[in-house]
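Everything on this sheet refers to the single structure shown next.
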Amino acid sequence: MNTFTPKNWDEKIVSGTEGAPRVAHAHVTFAYTGVIEGESVCDYLLFYPGEGFDGRGTTSPGLERIEGSVDGRKGSFVIRHEVGFDLEGVHGSWTVVPGSGTGELAGLSGGGEASGSMGSQTMSYTFEYSL
């Protein structure tokens with residue numbers, strides 16, 4: 001099973017107020033298991049729609065640098081996220097940033113999807129890639 005779990009989540013409101021439409025910055029570290037083994041550092045720019053809206057249909061961007069291995073090949077790479085969240089959970093897609101692979105992951109390309117239930121710490125992911 002492919003999963004990732006946040007180890008640290010540091011979030012601050014950039015603009016707007018609690019309960020109203022607002023933008024926040026989150027600096028996060030994740031631990032990955034499965035086809036990707038390793039740890040990462042991620043920065044999200046999050047949009048919260050405010051009270052009365054569940055967030056459905058909105059996404060927020062993020063960039064994440066993963067260090068570790070993909071199917072046993074060691075190196076690092078960067079992925080770009082489009083993540084959304086609503087009352088049902090978290091869902092998103094991501095792609096490898098071209099040219100970001102290092103070590104045995106140089107030339108890595110591909111992408112995947114992530115999902116999880118609201119309130120759950122563990123998220124599942126898919127990753128289709130080529131080297």
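Scheme for the structure tokens: letters A, B, ... for chains in order shown; per-chain residue numbers from 1; ligand numbers from 1 in order shown.
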
Tell me, counting only C-alpha atoms, for each residue of stretch 15-89 of chain A within 9 Å of stretch 110-129 of chain A, which pair of atoms is nearest and how far apart they are in Å to one decimal, in rows ordered by chain and increasing number, as a Markdown table.
```
| residue | atom | partner | partner_atom | distance |
| --- | --- | --- | --- | --- |
| A:Val35 | CA | A:Phe127 | CA | 7.7 |
| A:Ile36 | CA | A:Phe127 | CA | 8.5 |
| A:Ile79 | CA | A:Gly111 | CA | 8.0 |
| A:Val83 | CA | A:Ala114 | CA | 8.3 |
| A:Phe85 | CA | A:Met118 | CA | 8.0 |
| A:Asp86 | CA | A:Met118 | CA | 7.9 |
| A:Leu87 | CA | A:Met118 | CA | 6.8 |
| A:Glu88 | CA | A:Met118 | CA | 6.1 |
| A:Gly89 | CA | A:Met118 | CA | 4.0 |
```

Those of stretch 7-41 of chain A in DSSP strand (DSSP E), formatted as a list of chain:residue names: A:Lys7, A:Asn8, A:Trp9, A:Asp10, A:Glu11, A:Lys12, A:Ile13, A:Val14, A:Ser15, A:Arg22, A:Val23, A:Ala24, A:His25, A:Ala26, A:His27, A:Val28, A:Thr29, A:Phe30, A:Ala31, A:Tyr32, A:Thr33, A:Ile36, A:Glu37, A:Gly38, A:Glu39, A:Ser40, A:Val41

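Between atom CA of A:Ala31 and atom CA of A:Ile13 the separation is 24.6 Å.
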
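The closest residue to A:Gly52, picked from A:Pro21, A:Gly99, A:Ser109, A:Phe30 and counting only C-alpha atoms, is A:Pro21.
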
Non-local contacts of A:Glu18 (9 Å; only C-alpha atoms; under 4 positions in same chain excluded) as a CSV table (one decimal) with all heavy atoms, in the first residue's frame:
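This went into part-v1.csv:
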```csv
chain,number,residue,atom,x,y,z
A,13,ILE,N,-2.2,32.0,8.6
A,13,ILE,CA,-3.1,32.8,7.7
A,13,ILE,C,-2.3,33.9,7.0
A,13,ILE,O,-1.5,34.6,7.7
A,13,ILE,CB,-4.3,33.4,8.4
A,13,ILE,CG1,-5.2,32.2,8.9
A,13,ILE,CG2,-5.1,34.3,7.6
A,13,ILE,CD1,-6.4,32.7,9.8
A,22,ARG,N,-10.2,33.0,3.0
A,22,ARG,CA,-8.9,33.4,3.4
A,22,ARG,C,-7.9,32.5,2.7
A,22,ARG,O,-8.2,31.5,2.2
A,22,ARG,CB,-8.7,33.3,4.9
A,22,ARG,CG,-8.8,31.9,5.5
A,22,ARG,CD,-8.9,31.9,7.0
A,22,ARG,NE,-8.9,30.5,7.5
A,22,ARG,CZ,-10.0,29.7,7.6
A,22,ARG,NH1,-11.1,30.2,7.0
A,22,ARG,NH2,-9.9,28.5,8.1
A,50,GLY,N,-14.4,29.8,3.6
A,50,GLY,CA,-15.2,30.5,4.7
A,50,GLY,C,-16.5,29.7,5.1
A,50,GLY,O,-16.8,28.7,4.4
A,51,GLU,N,-17.1,30.2,6.1
A,51,GLU,CA,-18.3,29.5,6.6
A,51,GLU,C,-19.4,29.5,5.5
A,51,GLU,O,-19.6,30.4,4.8
A,51,GLU,CB,-18.8,30.2,7.9
A,51,GLU,CG,-17.9,30.0,9.0
A,51,GLU,CD,-18.4,30.7,10.3
A,51,GLU,OE1,-19.6,31.0,10.4
A,51,GLU,OE2,-17.5,30.9,11.2
```

State, in Å with one decimal place, the distance from atom CA of A:Ser69 to atom CA of A:Val28. 19.3 Å

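Residue nearest A:Val97, chosen from A:Ser40, A:Thr58, A:Ser76, A:Asn2 and counting only C-alpha atoms: A:Ser76.
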
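Closest approach to A:Val14 among A:Lys74, A:Tyr48, A:Val96, A:Phe53: A:Tyr48, based on only C-alpha atoms.
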
Identify, on the basis of only C-alpha atoms, every residue whose closest approach to A:Trp9 does not exceed 10 Å; exclude the query and any residue fewer than 6 positions from it along the same chain; express the result as a VMD selection string. chain A and resid 26 to 30 42 to 43

Residues at most 6 Å from A:Gly62, counting only C-alpha atoms, excluding those fewer than 4 positions away in the same chain, as a list in words? Asp43, Tyr44, Arg80 and His81 of chain A

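The shell of residues at most 9 Å from A:Glu37, with only C-alpha atoms counted and near chain neighbours (fewer than 3 positions) removed, consists of Ala31, Tyr32, Thr33, Gly34, Glu67, Gly68, Ser69, Val70, Asp71 and Gly72 of chain A.
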
Please write the residues from the selection above to a file, keeping N, CA and C atoms, as an mmCIF file, in the first residue's frame.
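As written to disk, part35.cif reads:
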```
data_model
loop_
_atom_site.group_PDB
_atom_site.id
_atom_site.type_symbol
_atom_site.label_atom_id
_atom_site.label_comp_id
_atom_site.auth_asym_id
_atom_site.auth_seq_id
_atom_site.Cartn_x
_atom_site.Cartn_y
_atom_site.Cartn_z
ATOM 1 N N ALA A 31 6.225 11.726 5.674
ATOM 2 C CA ALA A 31 6.931 10.450 5.583
ATOM 3 C C ALA A 31 6.166 9.574 4.593
ATOM 4 N N TYR A 32 6.868 9.007 3.617
ATOM 5 C CA TYR A 32 6.274 8.179 2.567
ATOM 6 C C TYR A 32 6.651 6.711 2.742
ATOM 7 N N THR A 33 5.699 5.824 2.434
ATOM 8 C CA THR A 33 5.965 4.393 2.343
ATOM 9 C C THR A 33 5.290 3.866 1.082
ATOM 10 N N GLY A 34 5.808 2.767 0.561
ATOM 11 C CA GLY A 34 5.262 2.175 -0.655
ATOM 12 C C GLY A 34 6.254 2.317 -1.795
ATOM 13 N N GLU A 67 12.916 13.258 -0.774
ATOM 14 C CA GLU A 67 14.223 12.600 -0.739
ATOM 15 C C GLU A 67 14.020 11.166 -0.301
ATOM 16 N N GLY A 68 14.606 10.232 -1.042
ATOM 17 C CA GLY A 68 14.472 8.828 -0.678
ATOM 18 C C GLY A 68 14.664 7.948 -1.887
ATOM 19 N N SER A 69 13.657 7.106 -2.167
ATOM 20 C CA SER A 69 13.771 6.197 -3.301
ATOM 21 C C SER A 69 12.409 5.960 -3.944
ATOM 22 N N VAL A 70 12.456 5.600 -5.214
ATOM 23 C CA VAL A 70 11.288 5.168 -5.972
ATOM 24 C C VAL A 70 11.621 3.779 -6.484
ATOM 25 N N ASP A 71 10.874 2.787 -6.034
ATOM 26 C CA ASP A 71 11.152 1.388 -6.377
ATOM 27 C C ASP A 71 12.627 1.046 -6.194
ATOM 28 N N GLY A 72 13.222 1.520 -5.112
ATOM 29 C CA GLY A 72 14.607 1.197 -4.769
ATOM 30 C C GLY A 72 15.662 2.082 -5.401
#
```

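Among the candidate residues A:Gly101, A:Gly38, A:Gly16, A:Pro61, the one lying nearest to A:Glu82 is A:Pro61, with distances computed using only C-alpha atoms.
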